$ cat upload_17.txt   # compact mmCIF, C-alpha atoms and all ligand atoms
# COMPACT_ATOMS: atom_id res chain seq x y z
CA MET A 19 47.99 5.20 -15.49
CA ILE A 20 50.28 2.21 -15.74
CA LYS A 21 51.69 2.31 -19.27
CA SER A 22 52.61 -0.76 -21.31
CA GLU A 23 56.00 0.72 -22.32
CA GLN A 24 56.97 1.45 -18.70
CA ILE A 25 56.15 -2.09 -17.65
CA SER A 26 57.90 -3.65 -20.64
CA LYS A 27 61.15 -1.91 -19.73
CA LEU A 28 61.13 -3.50 -16.28
CA LEU A 29 60.29 -7.02 -17.37
CA ASN A 30 62.84 -9.74 -17.55
CA THR A 31 60.59 -12.61 -18.59
CA GLN A 32 60.53 -15.58 -20.93
CA VAL A 33 56.78 -15.58 -21.53
CA ILE A 34 54.63 -13.21 -19.49
CA GLY A 35 54.17 -9.64 -20.70
CA LYS A 36 55.53 -9.96 -24.24
CA ASN A 37 52.14 -8.61 -25.28
CA ILE A 38 50.45 -5.99 -23.05
CA PHE A 39 47.02 -4.32 -23.09
CA SER A 40 46.56 -1.42 -20.68
CA PHE A 41 43.12 0.13 -20.02
CA GLU A 42 41.83 3.10 -18.04
CA GLU A 43 38.51 1.31 -17.65
CA ILE A 44 37.21 -2.11 -18.56
CA ASN A 45 34.46 -4.45 -17.34
CA SER A 46 36.93 -7.02 -16.01
CA THR A 47 40.44 -7.91 -17.16
CA ASN A 48 39.49 -11.61 -16.83
CA THR A 49 36.35 -11.17 -18.96
CA PHE A 50 38.39 -9.29 -21.58
CA ALA A 51 40.98 -12.07 -21.56
CA LYS A 52 38.32 -14.75 -21.95
CA THR A 53 36.66 -13.09 -24.92
CA LEU A 54 39.81 -11.77 -26.63
CA ASP A 55 40.20 -13.21 -30.12
CA LYS A 56 42.84 -15.91 -30.21
CA LYS A 57 44.98 -14.02 -32.70
CA PHE A 58 45.56 -11.26 -30.12
CA ALA A 59 45.66 -13.50 -27.08
CA ASN A 60 49.22 -14.81 -27.36
CA HIS A 61 50.74 -17.01 -24.69
CA GLY A 62 51.83 -14.62 -21.93
CA THR A 63 49.52 -11.72 -22.80
CA LEU A 64 49.15 -9.28 -19.91
CA ILE A 65 46.01 -7.15 -19.45
CA ILE A 66 46.07 -4.29 -16.94
CA ALA A 67 43.28 -1.90 -15.89
CA GLU A 68 42.99 1.11 -13.63
CA LYS A 69 39.29 0.52 -13.05
CA GLN A 70 36.93 -2.42 -13.50
CA THR A 71 33.17 -1.87 -13.76
CA LYS A 72 32.48 -5.59 -13.21
CA GLY A 73 35.53 -6.87 -11.34
CA ARG A 74 34.88 -10.46 -10.30
CA GLY A 75 35.94 -12.82 -7.59
CA ARG A 76 35.22 -16.55 -7.52
CA PHE A 77 31.60 -17.68 -7.85
CA GLU A 78 30.72 -14.30 -9.45
CA ARG A 79 31.44 -12.40 -6.23
CA LYS A 80 32.39 -8.76 -6.59
CA TRP A 81 36.00 -7.51 -6.57
CA GLU A 82 36.06 -3.92 -5.29
CA SER A 83 38.87 -1.57 -6.19
CA GLU A 84 39.23 2.20 -6.12
CA GLU A 85 40.26 3.59 -9.51
CA GLY A 86 43.98 4.13 -10.03
CA LYS A 87 45.05 2.91 -6.60
CA ASN A 88 45.65 -0.79 -6.96
CA LEU A 89 46.83 -3.51 -9.31
CA LEU A 90 44.18 -5.24 -11.41
CA PHE A 91 45.52 -7.54 -14.10
CA SER A 92 45.12 -10.82 -15.93
CA ILE A 93 47.61 -13.08 -17.65
CA ILE A 94 46.66 -15.30 -20.56
CA LEU A 95 48.55 -18.55 -20.90
CA GLN A 96 48.12 -21.06 -23.68
CA PRO A 97 49.95 -23.90 -22.03
CA GLY A 98 48.96 -26.65 -24.46
CA GLN A 99 50.35 -29.85 -22.95
CA GLU A 100 53.04 -27.86 -21.15
CA ILE A 101 51.57 -28.00 -17.65
CA GLN A 102 50.97 -31.47 -16.30
CA ASN A 103 49.62 -30.33 -12.97
CA ILE A 104 47.31 -27.37 -13.35
CA GLY A 105 45.81 -27.95 -9.87
CA ILE A 106 48.85 -26.44 -8.18
CA LEU A 107 48.81 -23.27 -10.30
CA PRO A 108 46.65 -21.25 -7.82
CA LEU A 109 48.96 -22.09 -4.93
CA CYS A 110 52.11 -21.42 -6.93
CA THR A 111 50.66 -18.10 -8.12
CA GLY A 112 49.80 -17.04 -4.56
CA SER A 113 53.18 -18.15 -3.35
CA ALA A 114 55.08 -16.17 -6.02
CA ILE A 115 53.10 -12.99 -5.23
CA ALA A 116 53.43 -13.41 -1.45
CA GLU A 117 57.18 -13.79 -1.86
CA VAL A 118 57.44 -10.45 -3.70
CA ILE A 119 55.31 -8.69 -1.06
CA GLU A 120 57.45 -10.08 1.77
CA LYS A 121 60.76 -9.22 0.11
CA SER A 122 59.76 -5.77 -1.12
CA PHE A 123 58.08 -4.48 2.02
CA SER A 124 59.42 -6.66 4.86
CA LEU A 125 55.86 -7.73 5.61
CA LYS A 126 54.75 -11.13 6.81
CA THR A 127 52.08 -12.66 4.61
CA GLU A 128 49.71 -15.55 5.16
CA CYS A 129 48.53 -17.77 2.30
CA LYS A 130 44.93 -18.91 2.72
CA TRP A 131 43.73 -21.91 0.72
CA PRO A 132 42.99 -21.87 -2.08
CA ASN A 133 44.11 -18.47 -3.26
CA ASP A 134 44.02 -15.52 -0.86
CA ILE A 135 46.98 -13.59 0.49
CA LEU A 136 46.46 -11.98 3.88
CA ILE A 137 48.47 -9.54 5.98
CA ASN A 138 47.66 -9.38 9.69
CA GLY A 139 44.57 -11.51 9.00
CA LYS A 140 43.19 -9.23 6.28
CA LYS A 141 43.03 -9.87 2.56
CA VAL A 142 45.50 -7.92 0.42
CA CYS A 143 45.33 -10.03 -2.75
CA GLY A 144 42.77 -12.24 -4.49
CA ILE A 145 43.35 -14.59 -7.41
CA LEU A 146 40.79 -15.82 -9.93
CA ILE A 147 41.92 -18.57 -12.31
CA GLU A 148 39.63 -19.39 -15.21
CA SER A 149 39.98 -21.41 -18.40
CA THR A 150 38.41 -21.71 -21.81
CA TYR A 151 38.31 -25.02 -23.63
CA ILE A 152 38.31 -26.22 -27.22
CA GLU A 153 37.41 -29.86 -27.75
CA ASN A 154 38.02 -30.71 -24.08
CA LYS A 155 41.51 -29.23 -24.22
CA ILE A 156 42.50 -26.05 -22.42
CA GLU A 157 42.67 -23.22 -24.91
CA LYS A 158 43.38 -20.31 -22.58
CA LEU A 159 44.27 -20.29 -18.94
CA ILE A 160 43.53 -16.92 -17.38
CA ILE A 161 45.13 -15.85 -14.14
CA GLY A 162 43.36 -12.79 -12.72
CA ILE A 163 45.01 -10.96 -9.86
CA GLY A 164 43.87 -8.07 -7.69
CA ILE A 165 46.37 -6.56 -5.24
CA ASN A 166 45.32 -3.77 -2.90
CA VAL A 167 48.21 -1.35 -3.12
CA ASN A 168 47.51 2.31 -2.28
CA GLN A 169 43.79 2.18 -1.38
CA GLU A 170 43.21 3.39 2.18
CA ILE A 171 39.46 3.25 2.62
CA PHE A 172 37.40 0.19 1.69
CA PRO A 173 33.62 -0.13 1.27
CA ASP A 174 31.71 -1.05 4.45
CA GLU A 175 31.18 -4.72 3.46
CA ILE A 176 34.92 -5.38 3.39
CA ALA A 177 36.20 -2.61 5.66
CA ASP A 178 37.05 -5.13 8.41
CA THR A 179 38.44 -7.87 6.18
CA ALA A 180 40.48 -6.04 3.51
CA THR A 181 43.81 -4.28 3.77
CA SER A 182 46.33 -2.72 1.40
CA LEU A 183 50.09 -2.47 1.24
CA LYS A 184 49.83 1.24 2.01
CA LYS A 185 47.70 0.57 5.10
CA GLU A 186 50.24 -1.97 6.32
CA THR A 187 53.41 0.00 5.56
CA GLY A 188 52.32 3.65 5.57
CA LEU A 189 54.11 4.01 2.23
CA ASN A 190 52.80 5.27 -1.09
CA ILE A 191 53.84 2.46 -3.38
CA ASN A 192 55.05 2.61 -6.97
CA ARG A 193 52.54 0.33 -8.68
CA THR A 194 54.48 -0.07 -11.93
CA GLY A 195 57.59 -1.28 -10.10
CA LEU A 196 55.57 -3.68 -7.97
CA LEU A 197 53.69 -5.06 -10.97
CA ALA A 198 56.98 -5.72 -12.77
CA GLU A 199 58.42 -7.55 -9.74
CA VAL A 200 55.28 -9.68 -9.48
CA ILE A 201 55.25 -10.53 -13.19
CA ASN A 202 58.97 -11.36 -13.15
CA ASN A 203 58.44 -13.78 -10.26
CA LEU A 204 55.30 -15.30 -11.82
CA ASP A 205 57.34 -15.94 -14.95
CA ILE A 206 60.03 -17.72 -12.92
CA MET A 207 57.29 -19.76 -11.24
CA TYR A 208 55.76 -20.68 -14.60
CA GLN A 209 59.13 -21.77 -16.00
CA LYS A 210 59.54 -24.06 -12.97
CA LEU A 211 55.98 -25.37 -13.21
CA ILE A 212 56.36 -26.55 -16.79
CA ILE A 213 59.41 -28.62 -15.92
CA ASN A 214 57.69 -30.04 -12.81
CA GLU A 215 60.03 -28.19 -10.49
CA ALA A 216 57.60 -25.93 -8.67
CA ASP A 217 58.10 -27.68 -5.31
CA TYR A 218 59.86 -24.62 -3.93
CA PHE A 219 56.73 -22.52 -4.50
CA ILE A 220 54.47 -25.18 -2.93
CA GLU A 221 56.72 -25.51 0.11
CA SER A 222 56.91 -21.75 0.45
CA TRP A 223 53.08 -21.59 0.22
CA LYS A 224 52.77 -24.24 2.94
CA ALA A 225 55.21 -22.37 5.17
CA LYS A 226 53.00 -19.28 4.90
CA SER A 227 49.76 -21.16 5.55
CA SER A 228 48.37 -21.25 9.07
CA ILE A 229 45.71 -23.96 8.73
CA PHE A 230 47.63 -27.21 9.05
CA GLY A 231 46.80 -29.15 12.22
CA LYS A 232 43.84 -26.87 12.92
CA ILE A 233 40.12 -27.62 12.82
CA ILE A 234 38.60 -25.77 9.91
CA SER A 235 35.32 -25.54 8.04
CA ALA A 236 35.46 -25.48 4.27
CA VAL A 237 32.35 -24.45 2.37
CA SER A 238 32.32 -26.18 -0.99
CA GLY A 239 29.14 -25.61 -3.01
CA ASN A 240 26.24 -26.27 -0.61
CA VAL A 241 28.28 -28.55 1.62
CA ILE A 242 30.24 -27.58 4.70
CA HIS A 243 33.11 -29.92 5.57
CA THR A 244 34.54 -29.59 9.05
CA GLY A 245 37.73 -31.39 9.99
CA LYS A 246 41.44 -31.11 10.64
CA ALA A 247 43.50 -29.61 7.80
CA LEU A 248 46.28 -32.11 7.15
CA ASN A 249 48.12 -31.14 4.02
CA ILE A 250 47.97 -30.08 0.39
CA ASP A 251 47.88 -32.92 -2.09
CA SER A 252 50.22 -33.06 -5.08
CA ASP A 253 47.34 -31.75 -7.24
CA GLY A 254 46.71 -28.70 -5.03
CA ALA A 255 43.68 -30.17 -3.22
CA LEU A 256 43.24 -29.57 0.50
CA ILE A 257 43.35 -32.80 2.51
CA LEU A 258 41.02 -32.81 5.52
CA GLU A 259 40.59 -35.43 8.19
CA LYS A 260 36.85 -35.74 8.73
CA ASN A 261 35.36 -38.40 11.03
CA GLY A 262 38.56 -40.43 10.89
CA LYS A 263 38.70 -40.40 7.09
CA GLU A 264 40.76 -38.30 4.71
CA ILE A 265 38.85 -36.24 2.17
CA LYS A 266 40.15 -34.03 -0.62
CA LEU A 267 38.67 -30.65 -1.48
CA LEU A 268 39.34 -28.96 -4.79
CA ALA A 269 37.54 -25.66 -4.12
CA GLY A 270 35.93 -23.85 -1.23
CA ASP A 271 36.17 -21.12 1.37
CA VAL A 272 37.97 -21.90 4.58
CA THR A 273 37.32 -20.67 8.13
CA ILE A 274 39.61 -21.65 10.98
CA HIS A 275 37.86 -22.64 14.23
CA LYS A 276 39.20 -20.80 17.24
C1 LIG A 301 38.98 -13.47 -5.21
O1 LIG A 301 37.73 -14.02 -5.20
O2 LIG A 301 39.60 -13.14 -4.25
C2 LIG A 301 39.52 -13.25 -6.61
C3 LIG A 301 39.66 -11.80 -6.94
C4 LIG A 301 40.31 -11.60 -8.30
C5 LIG A 301 40.26 -10.16 -8.73
C6 LIG A 301 41.02 -9.93 -10.00
S1 LIG A 301 41.16 -8.25 -10.37
C7 LIG A 301 41.76 -8.61 -11.96
C8 LIG A 301 40.95 -9.78 -12.46
N1 LIG A 301 39.74 -9.34 -13.12
C9 LIG A 301 38.64 -9.70 -12.44
O3 LIG A 301 37.47 -9.43 -12.76
N2 LIG A 301 39.01 -10.40 -11.34
C10 LIG A 301 40.43 -10.57 -11.25
P1 LIG A 301 37.01 -14.55 -3.87
O4 LIG A 301 37.91 -15.48 -3.14
O5 LIG A 301 35.71 -15.04 -4.34
O6 LIG A 301 36.84 -13.28 -2.99
C11 LIG A 301 35.88 -12.30 -3.29
C12 LIG A 301 35.48 -11.66 -1.94
O7 LIG A 301 36.58 -10.88 -1.46
C13 LIG A 301 34.31 -10.70 -2.08
O8 LIG A 301 33.09 -11.38 -1.91
C14 LIG A 301 34.58 -9.73 -0.92
O9 LIG A 301 34.11 -10.27 0.30
C15 LIG A 301 36.09 -9.70 -0.83
N3 LIG A 301 36.67 -8.56 -1.56
C16 LIG A 301 36.19 -7.87 -2.64
N4 LIG A 301 37.05 -6.93 -3.03
C17 LIG A 301 38.11 -7.00 -2.19
C18 LIG A 301 39.32 -6.29 -2.06
N5 LIG A 301 39.67 -5.31 -2.88
N6 LIG A 301 40.16 -6.64 -1.05
C19 LIG A 301 39.87 -7.64 -0.19
N7 LIG A 301 38.73 -8.33 -0.24
C20 LIG A 301 37.86 -8.03 -1.24

$ encode --input "upload_17.txt" --output "structure tokens" --more "lines below"
Ligand code: BT5
Amino acid sequence: MIKSEQISKLLNTQVIGKNIFSFEEINSTNTFAKTLDKKFANHGTLIIAEKQTKGRGRFERKWESEEGKNLLFSIILQPGQEIQNIGILPLCTGSAIAEVIEKSFSLKTECKWPNDILINGKKVCGILIESTYIENKIEKLIIGIGINVNQEIFPDEIADTATSLKKETGLNINRTGLLAEVINNLDIMYQKLIINEADYFIESWKAKSSIFGKIISAVSGNVIHTGKALNIDSDGALILEKNGKEIKLLAGDVTIHK
């Protein structure tokens, strides 16, 4: 089990991980973070679990993870007025994680809008950002992250689309060390974001994205938008050229047309 004390020793952060909860089993680290009483949910609280009984993706999809093999964690932020541009947080988060994976394992990653990290076309990391509000102001911002680390066999539904760092490198990976590296880089990213200097993370995300200039379909709610992916807007939205007009998408699932 990943222990709070072991993680703490490896952290070199301003905000994230000053307060850590570590569970053998929980419904979902994001659900726990959402419902955690404010007096325990300090800015930068980190929640880690070995197993989730109701791990969630976006739109209540299921996040599958074999017990004790991967990284499942959530970070609570109480940014107040600190972040002016919350829209770019998912991209900056993905970018900071992808950077650690590339540097630590000499792997090439691909960032898929809005928040997947792929290796050789398969998903290795998913990100779920949620928020709670009080009087129309953000109370808690919750960044949930699942990274497939040492899992080798995936359930049939995702066997062809999921991968892990172990599958890609052949190595048995030290999860505590990797978690600390990821948290340290997320903390650097957050410090840049609050002073409006996260451009490096956005540019690095764009450099790892393979959709620009390609015809893609983006499913957003019940609507499918097909067009050419042009860029990412300053608020994190995907800009598509559709029938000669530019449209902006804030959420969705993207497929690249061959
Ligand atoms: C995501 O959603 O990718 C966000 C996943 C966030 C998971 C973390 S774990 C810690 C924290 N606590 C939670 O309860 N959640 C967060 P989405 O883009 O909707 O992708 C979900 C889809 O990915 C599923 O419908 C499957 O097709 C696929 N999937 C499920 N488990 C996977 C895995 N381990 N690896 C790769 N793909 C997976």

$ residues_around --input "upload_17.txt" --residues "segment 217-220 of chain A" --least-positions-apart "5" --cutoff "12 Å" --atoms "only C-alpha atoms" --output "compact mmCIF listing (two decimals) with C-alpha atoms, in the frame of the given file"
# COMPACT_ATOMS: atom_id res chain seq x y z
CA ASN A 103 49.62 -30.33 -12.97
CA GLY A 105 45.81 -27.95 -9.87
CA ILE A 106 48.85 -26.44 -8.18
CA LEU A 107 48.81 -23.27 -10.30
CA PRO A 108 46.65 -21.25 -7.82
CA LEU A 109 48.96 -22.09 -4.93
CA CYS A 110 52.11 -21.42 -6.93
CA THR A 111 50.66 -18.10 -8.12
CA GLY A 112 49.80 -17.04 -4.56
CA SER A 113 53.18 -18.15 -3.35
CA ALA A 114 55.08 -16.17 -6.02
CA ILE A 115 53.10 -12.99 -5.23
CA ALA A 116 53.43 -13.41 -1.45
CA GLU A 117 57.18 -13.79 -1.86
CA CYS A 129 48.53 -17.77 2.30
CA TRP A 131 43.73 -21.91 0.72
CA PRO A 132 42.99 -21.87 -2.08
CA ASN A 203 58.44 -13.78 -10.26
CA LEU A 204 55.30 -15.30 -11.82
CA ILE A 206 60.03 -17.72 -12.92
CA MET A 207 57.29 -19.76 -11.24
CA TYR A 208 55.76 -20.68 -14.60
CA GLN A 209 59.13 -21.77 -16.00
CA LYS A 210 59.54 -24.06 -12.97
CA LEU A 211 55.98 -25.37 -13.21
CA ILE A 212 56.36 -26.55 -16.79
CA ALA A 225 55.21 -22.37 5.17
CA LYS A 226 53.00 -19.28 4.90
CA SER A 227 49.76 -21.16 5.55
CA ASN A 249 48.12 -31.14 4.02
CA ILE A 250 47.97 -30.08 0.39
CA ASP A 251 47.88 -32.92 -2.09
CA SER A 252 50.22 -33.06 -5.08
CA ASP A 253 47.34 -31.75 -7.24
CA GLY A 254 46.71 -28.70 -5.03
CA ALA A 255 43.68 -30.17 -3.22

$ residues_near_ligand --input "upload_17.txt" --ligand "ligand LIG 301 (chain A)" --cutoff "7 Å" --atoms "all atoms listed in the file" --output "short mmCIF file (atom, residue, chain, number, x, y, z; two decimals) with C-alpha atoms, keeping the file's coordinate frame"
data_model
loop_
_atom_site.label_atom_id
_atom_site.label_comp_id
_atom_site.auth_asym_id
_atom_site.auth_seq_id
_atom_site.Cartn_x
_atom_site.Cartn_y
_atom_site.Cartn_z
CA SER A 46 36.93 -7.02 -16.01
CA THR A 47 40.44 -7.91 -17.16
CA ASN A 48 39.49 -11.61 -16.83
CA THR A 49 36.35 -11.17 -18.96
CA LYS A 72 32.48 -5.59 -13.21
CA GLY A 73 35.53 -6.87 -11.34
CA ARG A 74 34.88 -10.46 -10.30
CA GLY A 75 35.94 -12.82 -7.59
CA ARG A 76 35.22 -16.55 -7.52
CA PHE A 77 31.60 -17.68 -7.85
CA ARG A 79 31.44 -12.40 -6.23
CA LYS A 80 32.39 -8.76 -6.59
CA TRP A 81 36.00 -7.51 -6.57
CA GLU A 82 36.06 -3.92 -5.29
CA SER A 83 38.87 -1.57 -6.19
CA LEU A 90 44.18 -5.24 -11.41
CA PHE A 91 45.52 -7.54 -14.10
CA SER A 92 45.12 -10.82 -15.93
CA ASN A 133 44.11 -18.47 -3.26
CA ASP A 134 44.02 -15.52 -0.86
CA LYS A 141 43.03 -9.87 2.56
CA VAL A 142 45.50 -7.92 0.42
CA CYS A 143 45.33 -10.03 -2.75
CA GLY A 144 42.77 -12.24 -4.49
CA ILE A 145 43.35 -14.59 -7.41
CA LEU A 146 40.79 -15.82 -9.93
CA GLY A 162 43.36 -12.79 -12.72
CA ILE A 163 45.01 -10.96 -9.86
CA GLY A 164 43.87 -8.07 -7.69
CA ASN A 166 45.32 -3.77 -2.90
CA ILE A 176 34.92 -5.38 3.39
CA THR A 179 38.44 -7.87 6.18
CA ALA A 180 40.48 -6.04 3.51
CA THR A 181 43.81 -4.28 3.77
#

$ closest_residue --input "upload_17.txt" --among "A:Gly86, A:Gly98, A:Glu157, A:Asn138" --to "Asp55 of chain A" --atoms "only C-alpha atoms"
A:Glu157

$ atom_distance --input "upload_17.txt" --atom1 "atom CA of Ser149 of chain A" --atom2 "atom CA of Glu175 of chain A"
28.9 Å

$ closest_residue --input "upload_17.txt" --among "A:Thr244, A:Phe50, A:His275, A:Glu43" --to "Thr71 of chain A" --atoms "only C-alpha atoms"
A:Glu43

$ closest_atom_pairs --input "upload_17.txt" --of "segment 68-170 of chain A" --to "segment 27-38 of chain A" --cutoff "9 Å" --atoms "all atoms listed in the file" --output "Markdown table"
| residue | atom | partner | partner_atom | distance |
| --- | --- | --- | --- | --- |
| A:Ile93 | CA | A:Ile34 | CA | 7.3 |
| A:Ile94 | CA | A:Ile34 | CA | 8.3 |
| A:Leu95 | CA | A:Ile34 | CA | 8.2 |

$ residues_around --input "upload_17.txt" --residues "Ile25 of chain A" --least-positions-apart "2" --cutoff "8 Å" --atoms "all atoms listed in the file" --output "number ranges by chain"
A: 20-23, 27-29, 194-195, 197-198

$ residues_around --input "upload_17.txt" --residues "Pro97 of chain A" --least-positions-apart "3" --cutoff "8 Å" --atoms "all atoms listed in the file" --output "ChimeraX atom specification"
/A:61,100-101,156-159

$ atom_distance --input "upload_17.txt" --atom1 "atom CA of Ser182 of chain A" --atom2 "atom CA of Val118 of chain A"
14.5 Å

$ residues_around --input "upload_17.txt" --residues "Glu259 of chain A" --least-positions-apart "4" --cutoff "7 Å" --atoms "all atoms listed in the file" --output "list of chain:residue names"
A:Gly245, A:Lys246, A:Ala247, A:Leu248, A:Lys263, A:Glu264, A:Ile265
